[in-house]
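The structure file protein-v4.txt is reproduced below (compact mmCIF, C-alpha atoms).
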# COMPACT_ATOMS: atom_id res chain seq x y z
CA MET R 1 -101.16 80.06 59.49
CA LYS R 2 -97.68 79.23 60.84
CA LYS R 3 -98.36 75.49 60.50
CA ASN R 4 -99.50 75.99 56.88
CA ILE R 5 -96.30 77.87 56.02
CA ILE R 6 -94.16 75.12 57.55
CA LEU R 7 -96.11 72.46 55.62
CA ILE R 8 -95.78 74.32 52.30
CA THR R 9 -92.04 74.80 52.87
CA ALA R 10 -91.58 71.08 53.55
CA ILE R 11 -93.53 70.11 50.43
CA LEU R 12 -91.52 72.48 48.22
CA ALA R 13 -88.25 71.11 49.60
CA LEU R 14 -89.34 67.54 48.84
CA LEU R 15 -90.24 68.56 45.30
CA SER R 16 -86.83 70.25 44.93
CA ILE R 17 -88.52 73.58 44.20
CA PRO R 18 -86.51 76.41 45.75
CA VAL R 19 -88.29 78.24 48.51
CA LYS R 20 -88.44 81.91 47.59
CA ALA R 21 -85.49 83.53 49.29
CA GLN R 22 -86.15 86.16 51.89
CA SER R 23 -85.75 89.82 51.03
CA LEU R 24 -82.52 91.52 51.97
CA ASP R 25 -82.12 93.15 55.35
CA SER R 26 -83.05 96.84 55.12
CA ARG R 27 -79.43 97.66 55.96
CA LEU R 28 -78.26 95.93 52.78
CA THR R 29 -78.77 96.94 49.15
CA ASP R 30 -79.11 95.01 45.91
CA LYS R 31 -75.50 95.75 44.97
CA THR R 32 -72.18 94.02 45.60
CA LEU R 33 -69.25 95.26 47.67
CA ARG R 34 -66.02 93.75 46.37
CA ILE R 35 -63.10 93.95 48.78
CA ASP R 36 -59.58 93.13 47.60
CA TYR R 37 -57.10 92.05 50.27
CA VAL R 38 -53.45 91.12 50.43
CA PHE R 39 -52.44 88.23 52.70
CA SER R 40 -48.69 88.10 53.31
CA GLY R 41 -46.45 86.13 55.62
CA THR R 42 -44.51 82.93 56.19
CA ASP R 43 -45.31 79.48 57.51
CA SER R 44 -45.91 80.88 60.99
CA GLU R 45 -47.24 84.42 60.56
CA CYS R 46 -49.67 86.40 58.47
CA ILE R 47 -50.58 90.02 57.87
CA ILE R 48 -53.94 90.94 56.33
CA ALA R 49 -54.24 94.28 54.54
CA VAL R 50 -57.04 95.98 52.60
CA ASP R 51 -56.11 96.72 49.00
CA GLU R 52 -59.19 98.28 47.36
CA LEU R 53 -62.97 98.54 47.63
CA GLN R 54 -65.20 98.35 44.56
CA SER R 55 -68.93 98.30 43.86
CA LEU R 56 -70.76 96.08 41.38
CA GLU R 57 -74.33 96.24 40.15
CA GLY R 58 -76.66 93.61 41.63
CA TRP R 59 -76.21 91.05 44.40
CA ALA R 60 -75.95 87.46 43.14
CA GLY R 61 -74.99 85.95 46.47
CA ARG R 62 -77.29 84.02 48.73
CA ARG R 63 -80.27 85.68 50.38
CA ALA R 64 -81.02 82.84 52.76
CA ASN R 65 -79.09 82.20 55.98
CA MET R 66 -76.92 85.25 55.40
CA LYS R 67 -75.74 85.44 59.00
CA ASP R 68 -74.49 81.84 59.14
CA VAL R 69 -72.12 79.53 57.30
CA PRO R 70 -72.62 75.86 56.42
CA LEU R 71 -68.89 75.13 56.82
CA ARG R 72 -66.25 76.68 59.03
CA GLY R 73 -63.68 76.78 56.24
CA ASN R 74 -60.08 77.90 56.71
CA GLY R 75 -61.24 81.47 57.13
CA GLN R 76 -64.32 83.63 57.46
CA ILE R 77 -65.41 87.15 56.56
CA LEU R 78 -68.02 88.91 58.67
CA MET R 79 -70.00 92.11 58.15
CA THR R 80 -71.56 93.78 61.20
CA GLU R 81 -73.45 97.04 61.52
CA ALA R 82 -71.14 99.63 63.09
CA CYS R 83 -73.68 101.21 65.45
CA SER R 84 -75.41 98.06 66.74
CA GLY R 85 -72.91 95.25 66.17
CA ASP R 86 -75.62 93.18 64.45
CA THR R 87 -74.35 90.54 62.05
CA LEU R 88 -75.50 91.31 58.50
CA TYR R 89 -73.51 88.77 56.48
CA ARG R 90 -70.96 85.99 56.98
CA ASN R 91 -69.14 83.68 54.60
CA SER R 92 -66.39 81.09 54.87
CA PHE R 93 -63.51 80.38 52.51
CA SER R 94 -60.13 78.82 51.94
CA THR R 95 -57.11 80.38 50.25
CA LEU R 96 -54.02 79.47 48.27
CA PHE R 97 -52.05 81.50 50.79
CA GLN R 98 -52.95 79.07 53.57
CA GLU R 99 -52.03 76.11 51.35
CA TRP R 100 -48.69 77.75 50.64
CA GLN R 101 -48.07 78.20 54.37
CA ALA R 102 -47.87 74.40 54.61
CA THR R 103 -45.06 74.17 52.05
CA GLU R 104 -41.32 74.06 52.71
CA GLU R 105 -40.85 77.30 50.80
CA ALA R 106 -42.91 79.18 53.41
CA THR R 107 -40.30 78.35 56.06
CA ARG R 108 -37.68 80.47 54.29
CA VAL R 109 -39.54 83.06 52.17
CA ARG R 110 -42.16 85.74 52.85
CA LYS R 111 -44.79 86.03 50.11
CA SER R 112 -48.02 87.88 49.45
CA PHE R 113 -51.23 86.62 47.86
CA GLU R 114 -54.25 88.42 46.44
CA ASN R 115 -57.70 87.59 47.79
CA VAL R 116 -61.07 88.92 46.69
CA PHE R 117 -64.36 88.64 48.57
CA LEU R 118 -67.87 89.62 47.50
CA LEU R 119 -70.36 90.92 50.06
CA PRO R 120 -73.75 92.61 49.83
CA MET R 121 -73.32 96.37 49.69
CA PRO R 122 -74.49 97.89 52.99
CA SER R 123 -76.64 101.03 53.22
CA VAL R 124 -75.18 101.84 56.64
CA LYS R 125 -71.69 102.04 58.09
CA VAL R 126 -70.32 98.59 58.84
CA ASN R 127 -67.26 96.80 60.17
CA ILE R 128 -65.68 93.98 58.20
CA THR R 129 -63.72 91.28 60.04
CA VAL R 130 -61.51 88.75 58.25
CA GLN R 131 -60.16 85.77 60.19
CA LEU R 132 -57.80 82.97 59.14
CA TYR R 133 -57.63 79.70 61.09
CA ASP R 134 -54.70 77.39 61.71
CA PHE R 135 -54.62 73.57 61.80
CA TYR R 136 -55.96 73.64 65.35
CA ASN R 137 -59.05 75.71 64.47
CA LYS R 138 -57.57 78.69 66.27
CA VAL R 139 -57.46 82.22 64.85
CA ALA R 140 -54.06 82.66 63.19
CA ALA R 141 -54.65 86.16 61.84
CA ALA R 142 -57.45 88.71 61.92
CA LEU R 143 -58.28 92.18 60.68
CA THR R 144 -61.29 94.40 61.39
CA HIS R 145 -61.79 97.55 59.34
CA PRO R 146 -64.66 100.00 58.74
CA VAL R 147 -66.57 100.46 55.50
CA ASP R 148 -68.74 103.49 54.80
CA PRO R 149 -70.97 102.93 51.75
CA GLU R 150 -70.71 106.67 51.05
CA ASP R 151 -66.92 106.46 50.77
CA ILE R 152 -66.01 108.31 47.57
CA LEU R 153 -63.06 105.95 46.97
CA ILE R 154 -65.26 102.88 46.46
CA ARG R 155 -64.70 102.43 42.75
CA PRO R 156 -67.63 101.39 40.49
CA LYS R 157 -66.68 98.35 38.42
CA GLY R 158 -68.07 96.84 35.24
CA ASN R 159 -67.12 94.79 32.21
CA ASP R 160 -68.54 94.02 28.79
CA ASN R 161 -67.18 90.53 28.14
CA PRO R 162 -69.65 88.53 26.02
CA SER R 163 -71.66 85.92 27.91
CA ARG R 164 -74.54 83.48 27.47
CA TYR R 165 -76.50 81.23 29.77
CA ILE R 166 -75.62 77.55 29.52
CA HIS R 167 -78.36 76.73 32.02
CA HIS R 168 -80.95 79.16 33.41
CA SER R 169 -83.48 78.23 36.08
CA GLY R 170 -84.69 81.63 37.23
CA PRO R 171 -83.75 84.96 38.77
CA SER R 172 -80.55 85.31 40.76
CA GLU R 173 -82.59 86.03 43.87
CA GLN R 174 -83.79 82.41 43.88
CA CYS R 175 -80.90 80.51 42.31
CA ILE R 176 -77.24 79.67 42.86
CA ASP R 177 -75.30 81.62 40.24
CA VAL R 178 -72.28 79.79 38.79
CA VAL R 179 -70.11 81.44 36.16
CA ILE R 180 -67.83 79.57 33.76
CA LEU R 181 -64.91 81.70 32.56
CA ALA R 182 -62.85 81.21 29.41
CA GLU R 183 -59.12 81.00 30.14
CA GLY R 184 -56.62 80.78 27.30
CA TYR R 185 -59.24 80.99 24.53
CA THR R 186 -58.62 83.60 21.85
CA GLU R 187 -61.45 85.51 20.15
CA ALA R 188 -61.36 82.95 17.33
CA GLU R 189 -61.79 80.04 19.76
CA MET R 190 -64.95 81.14 21.58
CA ASP R 191 -67.21 78.62 19.83
CA ILE R 192 -64.94 75.95 21.29
CA PHE R 193 -65.23 77.59 24.72
CA TYR R 194 -69.02 77.64 24.70
CA ALA R 195 -69.07 73.96 23.74
CA ASP R 196 -66.61 73.20 26.56
CA ALA R 197 -68.73 75.19 29.02
CA GLN R 198 -71.80 73.21 28.00
CA GLU R 199 -69.90 69.96 28.55
CA ALA R 200 -68.81 71.13 32.00
CA ALA R 201 -72.41 71.91 32.94
CA ASP R 202 -73.60 68.57 31.54
CA ALA R 203 -70.94 66.76 33.57
CA LEU R 204 -71.98 68.55 36.75
CA PHE R 205 -75.68 67.83 36.29
CA SER R 206 -75.01 64.16 35.55
CA HIS R 207 -73.98 63.76 39.20
CA GLU R 208 -76.19 63.62 42.26
CA PRO R 209 -77.19 65.73 44.06
CA PHE R 210 -76.70 68.38 41.35
CA LYS R 211 -78.93 66.38 39.01
CA SER R 212 -81.89 66.45 41.39
CA PHE R 213 -81.35 70.12 42.28
CA LYS R 214 -80.64 71.32 38.73
CA ASP R 215 -83.51 73.80 38.94
CA ARG R 216 -81.73 75.70 41.69
CA PHE R 217 -78.74 76.66 39.54
CA ASN R 218 -77.96 79.23 36.88
CA ILE R 219 -74.79 78.68 34.84
CA LEU R 220 -73.46 81.58 32.79
CA ALA R 221 -70.52 81.26 30.38
CA VAL R 222 -68.29 84.36 30.10
CA ALA R 223 -66.17 84.54 26.95
CA ALA R 224 -63.29 86.70 28.18
CA PRO R 225 -60.74 86.64 25.34
CA SER R 226 -57.06 85.86 25.87
CA GLU R 227 -54.22 87.23 23.79
CA ASP R 228 -52.62 83.78 23.61
CA SER R 229 -54.15 80.34 23.18
CA GLY R 230 -53.49 77.91 26.03
CA VAL R 231 -52.11 78.55 29.51
CA SER R 232 -48.67 79.06 31.01
CA VAL R 233 -46.43 76.06 31.75
CA PRO R 234 -43.44 77.41 33.72
CA HIS R 235 -41.42 74.16 33.77
CA GLU R 236 -41.40 74.35 29.95
CA ASN R 237 -40.60 78.09 30.04
CA ASP R 238 -43.89 78.64 28.23
CA TRP R 239 -45.56 81.84 29.50
CA LYS R 240 -48.75 83.13 27.92
CA SER R 241 -50.95 86.21 28.23
CA THR R 242 -54.39 84.94 29.29
CA ALA R 243 -57.59 86.33 30.75
CA ALA R 244 -57.07 85.01 34.28
CA GLY R 245 -53.28 84.63 34.31
CA SER R 246 -53.32 80.96 35.30
CA HIS R 247 -50.34 78.60 35.22
CA PHE R 248 -49.24 75.07 36.04
CA ASP R 249 -46.49 74.37 38.58
CA THR R 250 -48.24 76.04 41.51
CA PHE R 251 -46.01 75.47 44.55
CA TYR R 252 -43.65 73.71 42.06
CA SER R 253 -46.15 70.89 41.53
CA ASP R 254 -46.36 70.13 37.79
CA ARG R 255 -50.09 69.34 37.67
CA TYR R 256 -51.30 72.01 40.07
CA LEU R 257 -53.02 74.58 37.82
CA THR R 258 -54.20 77.77 39.56
CA THR R 259 -54.27 81.52 39.21
CA LEU R 260 -52.76 83.84 41.80
CA ARG R 261 -54.23 86.87 40.04
CA LEU R 262 -57.59 86.99 41.75
CA LYS R 263 -58.13 90.69 41.06
CA GLN R 264 -57.63 90.06 37.35
CA LEU R 265 -59.98 87.08 37.56
CA HIS R 266 -62.78 89.07 39.17
CA ASP R 267 -62.22 91.98 36.79
CA CYS R 268 -63.15 89.60 33.96
CA LEU R 269 -66.48 88.87 35.67
CA ALA R 270 -67.51 92.34 36.79
CA GLY R 271 -70.93 93.10 35.38
CA VAL R 272 -72.42 89.59 35.38
CA PRO R 273 -74.25 87.82 38.23
CA TYR R 274 -71.96 85.29 39.88
CA GLU R 275 -71.21 83.70 43.22
CA HIS R 276 -69.26 80.56 42.33
CA ILE R 277 -66.57 80.37 39.65
CA ILE R 278 -65.43 77.62 37.27
CA ILE R 279 -62.45 78.48 35.07
CA LEU R 280 -61.89 76.36 31.96
CA ALA R 281 -58.31 76.27 30.68
CA ASN R 282 -57.84 75.75 26.96
CA THR R 283 -55.30 72.94 27.13
CA ASP R 284 -55.18 69.15 26.99
CA THR R 285 -52.57 68.88 29.76
CA TYR R 286 -53.95 67.25 32.92
CA GLY R 287 -54.33 69.53 35.93
CA GLY R 288 -56.52 71.79 37.99
CA GLY R 289 -57.50 72.89 41.45
CA GLY R 290 -60.47 73.88 43.58
CA ILE R 291 -60.57 76.26 46.57
CA LEU R 292 -63.60 76.75 48.79
CA ASN R 293 -65.63 79.80 47.74
CA SER R 294 -62.80 80.99 45.51
CA TYR R 295 -62.78 79.05 42.22
CA THR R 296 -62.54 75.77 40.35
CA LEU R 297 -59.92 75.63 37.59
CA THR R 298 -59.51 72.69 35.27
CA THR R 299 -58.23 71.83 31.81
CA ALA R 300 -60.97 71.47 29.22
CA HIS R 301 -59.43 69.15 26.65
CA HIS R 302 -57.92 66.33 28.66
CA LYS R 303 -59.75 63.01 28.33
CA GLN R 304 -60.68 63.17 32.04
CA PHE R 305 -62.10 66.68 31.85
CA ARG R 306 -65.62 65.69 32.91
CA PRO R 307 -64.76 63.88 36.17
CA VAL R 308 -62.07 66.41 37.06
CA VAL R 309 -64.29 69.49 36.72
CA VAL R 310 -66.90 67.82 38.93
CA HIS R 311 -64.27 66.79 41.48
CA GLU R 312 -62.81 70.29 41.67
CA PHE R 313 -66.27 71.83 41.98
CA GLY R 314 -66.75 69.49 44.93
CA HIS R 315 -63.88 71.42 46.54
CA SER R 316 -64.82 74.98 45.59
CA PHE R 317 -68.58 74.74 46.01
CA GLY R 318 -69.04 71.99 48.57
CA GLY R 319 -65.88 72.29 50.64
CA LEU R 320 -65.20 68.56 50.22
CA ALA R 321 -61.77 67.20 51.07
CA ASP R 322 -59.69 64.96 48.84
CA GLU R 323 -60.16 61.34 49.88
CA TYR R 324 -56.94 60.00 48.38
CA PHE R 325 -53.60 59.82 50.17
CA TYR R 326 -49.91 59.55 49.39
CA ASP R 327 -48.18 60.62 52.62
CA ASP R 328 -45.68 62.96 50.96
CA GLN R 329 -46.95 66.27 52.26
CA TYR R 330 -44.33 68.55 53.78
CA THR R 331 -46.82 69.27 56.60
CA ASN R 332 -49.87 67.18 57.45
CA LEU R 333 -53.03 69.26 57.02
CA TYR R 334 -54.93 67.31 59.68
CA ASN R 335 -54.05 66.27 63.22
CA ASP R 336 -55.55 63.91 65.76
CA GLN R 337 -56.61 66.73 68.11
CA VAL R 338 -59.05 68.46 65.77
CA GLU R 339 -62.07 67.33 63.77
CA PRO R 340 -61.75 68.54 60.15
CA TRP R 341 -64.36 71.05 59.03
CA GLU R 342 -64.79 69.18 55.74
CA LYS R 343 -67.84 66.94 55.98
CA ASN R 344 -66.46 63.94 54.09
CA ILE R 345 -63.46 63.11 56.28
CA THR R 346 -63.00 62.63 60.02
CA THR R 347 -60.30 62.18 62.63
CA LYS R 348 -62.98 60.76 64.98
CA VAL R 349 -62.44 63.66 67.40
CA ASP R 350 -66.06 64.71 66.92
CA PHE R 351 -67.59 62.12 64.64
CA THR R 352 -71.10 62.90 65.94
CA THR R 353 -71.08 65.89 63.56
CA LYS R 354 -70.35 63.67 60.55
CA TRP R 355 -72.06 60.67 58.91
CA GLN R 356 -73.11 58.40 61.78
CA LYS R 357 -76.69 58.41 60.43
CA LEU R 358 -75.48 57.02 57.09
CA ILE R 359 -73.58 54.26 58.90
CA ASP R 360 -76.72 53.36 60.83
CA GLU R 361 -78.61 53.18 57.52
CA GLY R 362 -75.95 50.91 56.01
CA LYS R 363 -74.97 53.47 53.34
CA ALA R 364 -71.48 54.30 54.56
CA GLY R 365 -68.69 53.14 56.84
CA LEU R 366 -65.37 54.27 58.29
CA ILE R 367 -62.42 53.53 56.02
CA GLU R 368 -58.98 54.78 57.00
CA GLY R 369 -57.14 56.99 54.56
CA GLY R 370 -58.02 60.45 53.25
CA GLY R 371 -56.95 64.07 53.25
CA TYR R 372 -53.54 62.97 51.82
CA MET R 373 -52.91 60.81 54.93
CA SER R 374 -53.05 57.02 55.04
CA ARG R 375 -53.39 56.96 58.84
CA GLY R 376 -55.43 59.01 61.26
CA VAL R 377 -58.05 60.24 58.79
CA TRP R 378 -61.14 58.29 57.72
CA ARG R 379 -63.54 58.53 54.77
CA GLY R 380 -67.04 57.08 54.35
CA GLN R 381 -66.68 54.69 51.43
CA GLU R 382 -63.98 52.77 49.58
CA ASN R 383 -64.27 54.93 46.48
CA CYS R 384 -65.85 58.24 45.48
CA ARG R 385 -65.61 61.07 42.96
CA MET R 386 -63.47 62.84 45.60
CA ARG R 387 -60.98 59.96 45.55
CA THR R 388 -60.55 58.83 41.94
CA ASN R 389 -61.54 60.01 38.48
CA GLU R 390 -62.62 56.48 37.59
CA HIS R 391 -65.42 56.26 40.17
CA PRO R 392 -68.68 57.44 38.56
CA ASP R 393 -70.36 59.12 41.53
CA PHE R 394 -69.99 61.03 44.74
CA CYS R 395 -70.30 58.64 47.68
CA PRO R 396 -73.39 58.94 49.96
CA VAL R 397 -71.40 61.02 52.48
CA CYS R 398 -70.39 63.56 49.82
CA GLN R 399 -73.85 63.61 48.27
CA ASP R 400 -75.37 64.33 51.66
CA ALA R 401 -72.86 67.13 52.28
CA LEU R 402 -73.45 68.70 48.87
CA GLU R 403 -77.22 68.57 49.26
CA ASP R 404 -76.92 70.32 52.60
CA ILE R 405 -74.93 73.13 50.95
CA ILE R 406 -77.47 73.50 48.13
CA ARG R 407 -80.34 73.70 50.59
CA PHE R 408 -78.41 76.17 52.76
CA TYR R 409 -78.08 78.53 49.79
CA THR R 410 -81.71 78.27 48.71
CA GLU R 411 -83.85 77.54 51.78
CA GLU R 412 -84.18 79.67 54.89
CA ARG R 413 -83.50 77.67 58.06
Take the structure in this file and express it as structure tokens.
Amino acid sequence: MKKNIILITAILALLSIPVKAQSLDSRLTDKTLRIDYVFSGTDSECIIAVDELQSLEGWAGRRANMKDVPLRGNGQILMTEACSGDTLYRNSFSTLFQEWQATEEATRVRKSFENVFLLPMPSVKVNITVQLYDFYNKVAAALTHPVDPEDILIRPKGNDNPSRYIHHSGPSEQCIDVVILAEGYTEAEMDIFYADAQEAADALFSHEPFKSFKDRFNILAVAAPSEDSGVSVPHENDWKSTAAGSHFDTFYSDRYLTTLRLKQLHDCLAGVPYEHIIILANTDTYGGGGILNSYTLTTAHHKQFRPVVVHEFGHSFGGLADEYFYDDQYTNLYNDQVEPWEKNITTKVDFTTKWQKLIDEGKAGLIEGGGYMSRGVWRGQENCRMRTNEHPDFCPVCQDALEDIIRFYTEER
């Protein structure tokens, strides 16, 4: 019997049919625990504090491999049962706060950043541990706190923003749920938003490996209305009231478009099934950003919208690093003592964990330059979707990394 199950699983994987995800641990429920945190500090210190706990109907996160992570990330959140210490859920992430810590401003100012994490709602008392890592893969900050699912101060949360499926493959229990949120679209512009959301989905599924694994994704468009049309551009003194509160000039970089209002962002989505977020900004100005397991944000009406939204989703969904370089970072994000956790770049410290197999097969190489550094970091191919907007595809290294993530979310290992 065991051999038959293994054979069936292998056949389904080859056919790109998702293996039915395992049922939730009996100590977890089919609801979502949303925990809001505040990360504050400087370039060299950080304090993590709990802000608020909320509950959402349904659990749209993964049901396979819930105790593991496919990537280390720049931080991790862990849920363990209080009485036994058993791991119930783990996820990895990156944050804007940690990016900001590498800026010059962080050497002279203390700031705070919102962060929001979604976990399966436990049915038992648990402990939640949040850890942030520094450039040397060491724990830079940590917090462990208890959560009692019977806590009367866990606030129920919901929303009634209109939504429609752009692409629907099946129930959340078996699929990766991606939500596309309207940002800077007024009520009168929602037909434009839905068309933009469809174009974003089409762009994503035109790229491998998303094309081959299309039947493992659900994509839901959420038409959260904004009071103003467009998004804020601080260097033009143009501030707007929008659904997610996004703006250009993040860290004083003109093209860096993000939102620091993560609580507001997730409030817009409460009530719909989601795990990964794409935010479409109603502007033709070039810009965007992508943060692992946080969100992708990109402008919808620039001529390079399609390649940019795919590139940024490579960051937020796949944890892929940028493969371009310009050597003008205030602080280098990679050093020659540590192997990057991103799968598409290497410092050669531990290359055995990277793409040696693809080199042996003649599909990739080792080309110096990547992760914003022209020296000391290597990528797998001369060009790639993670390097330029002009290149049509992800390179074999990135495709392999993305496929591994997709399978991690949908197939029990």
For segment 392-407 of chain R, work out the shell of residues within 7 Å, counting only C-alpha atoms and skipping chain neighbours fewer than 2 positions away, then give it as a short mmCIF file (atom, residue, chain, number, x, y, z; two decimals) with C-alpha atoms, keeping the file's coordinate frame.
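Heads up, here's the output in around36.cif:
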data_model
loop_
_atom_site.label_atom_id
_atom_site.label_comp_id
_atom_site.auth_asym_id
_atom_site.auth_seq_id
_atom_site.Cartn_x
_atom_site.Cartn_y
_atom_site.Cartn_z
CA PRO R 70 -72.62 75.86 56.42
CA HIS R 207 -73.98 63.76 39.20
CA GLU R 208 -76.19 63.62 42.26
CA PRO R 209 -77.19 65.73 44.06
CA GLY R 318 -69.04 71.99 48.57
CA LYS R 343 -67.84 66.94 55.98
CA ASN R 344 -66.46 63.94 54.09
CA TRP R 355 -72.06 60.67 58.91
CA LYS R 363 -74.97 53.47 53.34
CA ALA R 364 -71.48 54.30 54.56
CA GLY R 380 -67.04 57.08 54.35
CA GLN R 381 -66.68 54.69 51.43
CA CYS R 384 -65.85 58.24 45.48
CA ARG R 385 -65.61 61.07 42.96
CA MET R 386 -63.47 62.84 45.60
CA GLU R 390 -62.62 56.48 37.59
CA TYR R 409 -78.08 78.53 49.79
CA THR R 410 -81.71 78.27 48.71
CA GLU R 411 -83.85 77.54 51.78
#
### Query
Looking at only C-alpha atoms, which of R:Pro273, R:Met66, R:Glu183, R:His235 is the one that sits closest to Arg164 of chain R?
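Under the stated criterion, the closest residue is R:Pro273.
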### Atom pair atom CA of Glu105 of chain R / atom CA of Thr259 of chain R: separation (Å)
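Value for the atom CA of Glu105 of chain R-atom CA of Thr259 of chain R distance: 18.2 Å.
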### Summary
Among R:Glu323, R:Asp202, R:Glu150, R:Asp68, Gln54 of chain R is approached most closely, using all atoms listed in the file, by R:Glu150
### Message
So the first atom is atom CA of Leu260 of chain R and the second is atom CA of Leu96 of chain R; what is the distance between them in Å, to one decimal place?
### Response
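Spanning atom CA of Leu260 of chain R to atom CA of Leu96 of chain R is a straight-line distance of 7.9 Å.
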#### Entry: Among the residues R:Tyr256, R:Tyr165, R:Phe217, R:Tyr185, the one that comes closest to Gln198 of chain R [using only C-alpha atoms]
R:Tyr165
Skip Glu52 of chain R itself and residues of its chain fewer than 6 positions away, then list as a PDB file with C-alpha atoms, in the coordinates of the input all residues within 8 Å of it, counting only C-alpha atoms.
ATOM      1  CA  ILE R  35     -63.100  93.950  48.780  1.00  0.00           C
ATOM      2  CA  ASP R  36     -59.580  93.130  47.600  1.00  0.00           C
ATOM      3  CA  TYR R  37     -57.100  92.050  50.270  1.00  0.00           C
ATOM      4  CA  ILE R 154     -65.260 102.880  46.460  1.00  0.00           C
TER       5      ILE R 154
END
### Query
By how many Å are atom CA of Ala60 of chain R and atom CA of Pro122 of chain R apart?
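Calculated distance between atom CA of Ala60 of chain R and atom CA of Pro122 of chain R is 14.4 Å.
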### Query
Which residue, R:Thr242, R:Ser172, R:Asn335, R:Ser232, has the smallest gap to Arg255 of chain R when you use only C-alpha atoms?
R:Ser232
Reconstructed segment 197-202 of chain R, atom set all heavy atoms, as an mmCIF file, in the frame of the given file:
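Result file result_11.cif:
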data_model
loop_
_atom_site.group_PDB
_atom_site.id
_atom_site.type_symbol
_atom_site.label_atom_id
_atom_site.label_comp_id
_atom_site.auth_asym_id
_atom_site.auth_seq_id
_atom_site.Cartn_x
_atom_site.Cartn_y
_atom_site.Cartn_z
ATOM 1 N N ALA R 197 -67.932 74.778 27.872
ATOM 2 C CA ALA R 197 -68.730 75.190 29.020
ATOM 3 C C ALA R 197 -69.997 74.353 29.128
ATOM 4 O O ALA R 197 -70.413 73.963 30.233
ATOM 5 C CB ALA R 197 -69.086 76.679 28.910
ATOM 6 N N GLN R 198 -70.609 74.060 27.992
ATOM 7 C CA GLN R 198 -71.800 73.210 28.000
ATOM 8 C C GLN R 198 -71.452 71.808 28.504
ATOM 9 O O GLN R 198 -72.205 71.203 29.282
ATOM 10 C CB GLN R 198 -72.406 73.120 26.605
ATOM 11 C CG GLN R 198 -73.707 72.329 26.532
ATOM 12 C CD GLN R 198 -74.827 72.998 27.307
ATOM 13 O OE1 GLN R 198 -75.259 74.095 26.960
ATOM 14 N NE2 GLN R 198 -75.301 72.350 28.370
ATOM 15 N N GLU R 199 -70.302 71.294 28.094
ATOM 16 C CA GLU R 199 -69.900 69.960 28.550
ATOM 17 C C GLU R 199 -69.627 69.951 30.048
ATOM 18 O O GLU R 199 -69.968 68.989 30.743
ATOM 19 C CB GLU R 199 -68.651 69.491 27.789
ATOM 20 C CG GLU R 199 -68.258 68.062 28.131
ATOM 21 C CD GLU R 199 -67.148 67.510 27.268
ATOM 22 O OE1 GLU R 199 -66.629 68.244 26.403
ATOM 23 O OE2 GLU R 199 -66.806 66.321 27.461
ATOM 24 N N ALA R 200 -69.041 71.037 30.561
ATOM 25 C CA ALA R 200 -68.810 71.130 32.000
ATOM 26 C C ALA R 200 -70.125 71.115 32.766
ATOM 27 O O ALA R 200 -70.262 70.425 33.788
ATOM 28 C CB ALA R 200 -68.021 72.394 32.325
ATOM 29 N N ALA R 201 -71.102 71.886 32.287
ATOM 30 C CA ALA R 201 -72.410 71.910 32.940
ATOM 31 C C ALA R 201 -73.090 70.548 32.858
ATOM 32 O O ALA R 201 -73.679 70.070 33.837
ATOM 33 C CB ALA R 201 -73.294 72.983 32.300
ATOM 34 N N ASP R 202 -73.002 69.905 31.700
ATOM 35 C CA ASP R 202 -73.600 68.570 31.540
ATOM 36 C C ASP R 202 -72.962 67.572 32.499
ATOM 37 O O ASP R 202 -73.644 66.713 33.079
ATOM 38 C CB ASP R 202 -73.437 68.084 30.104
ATOM 39 C CG ASP R 202 -74.283 68.883 29.114
ATOM 40 O OD1 ASP R 202 -75.204 69.596 29.560
ATOM 41 O OD2 ASP R 202 -74.009 68.787 27.898
#
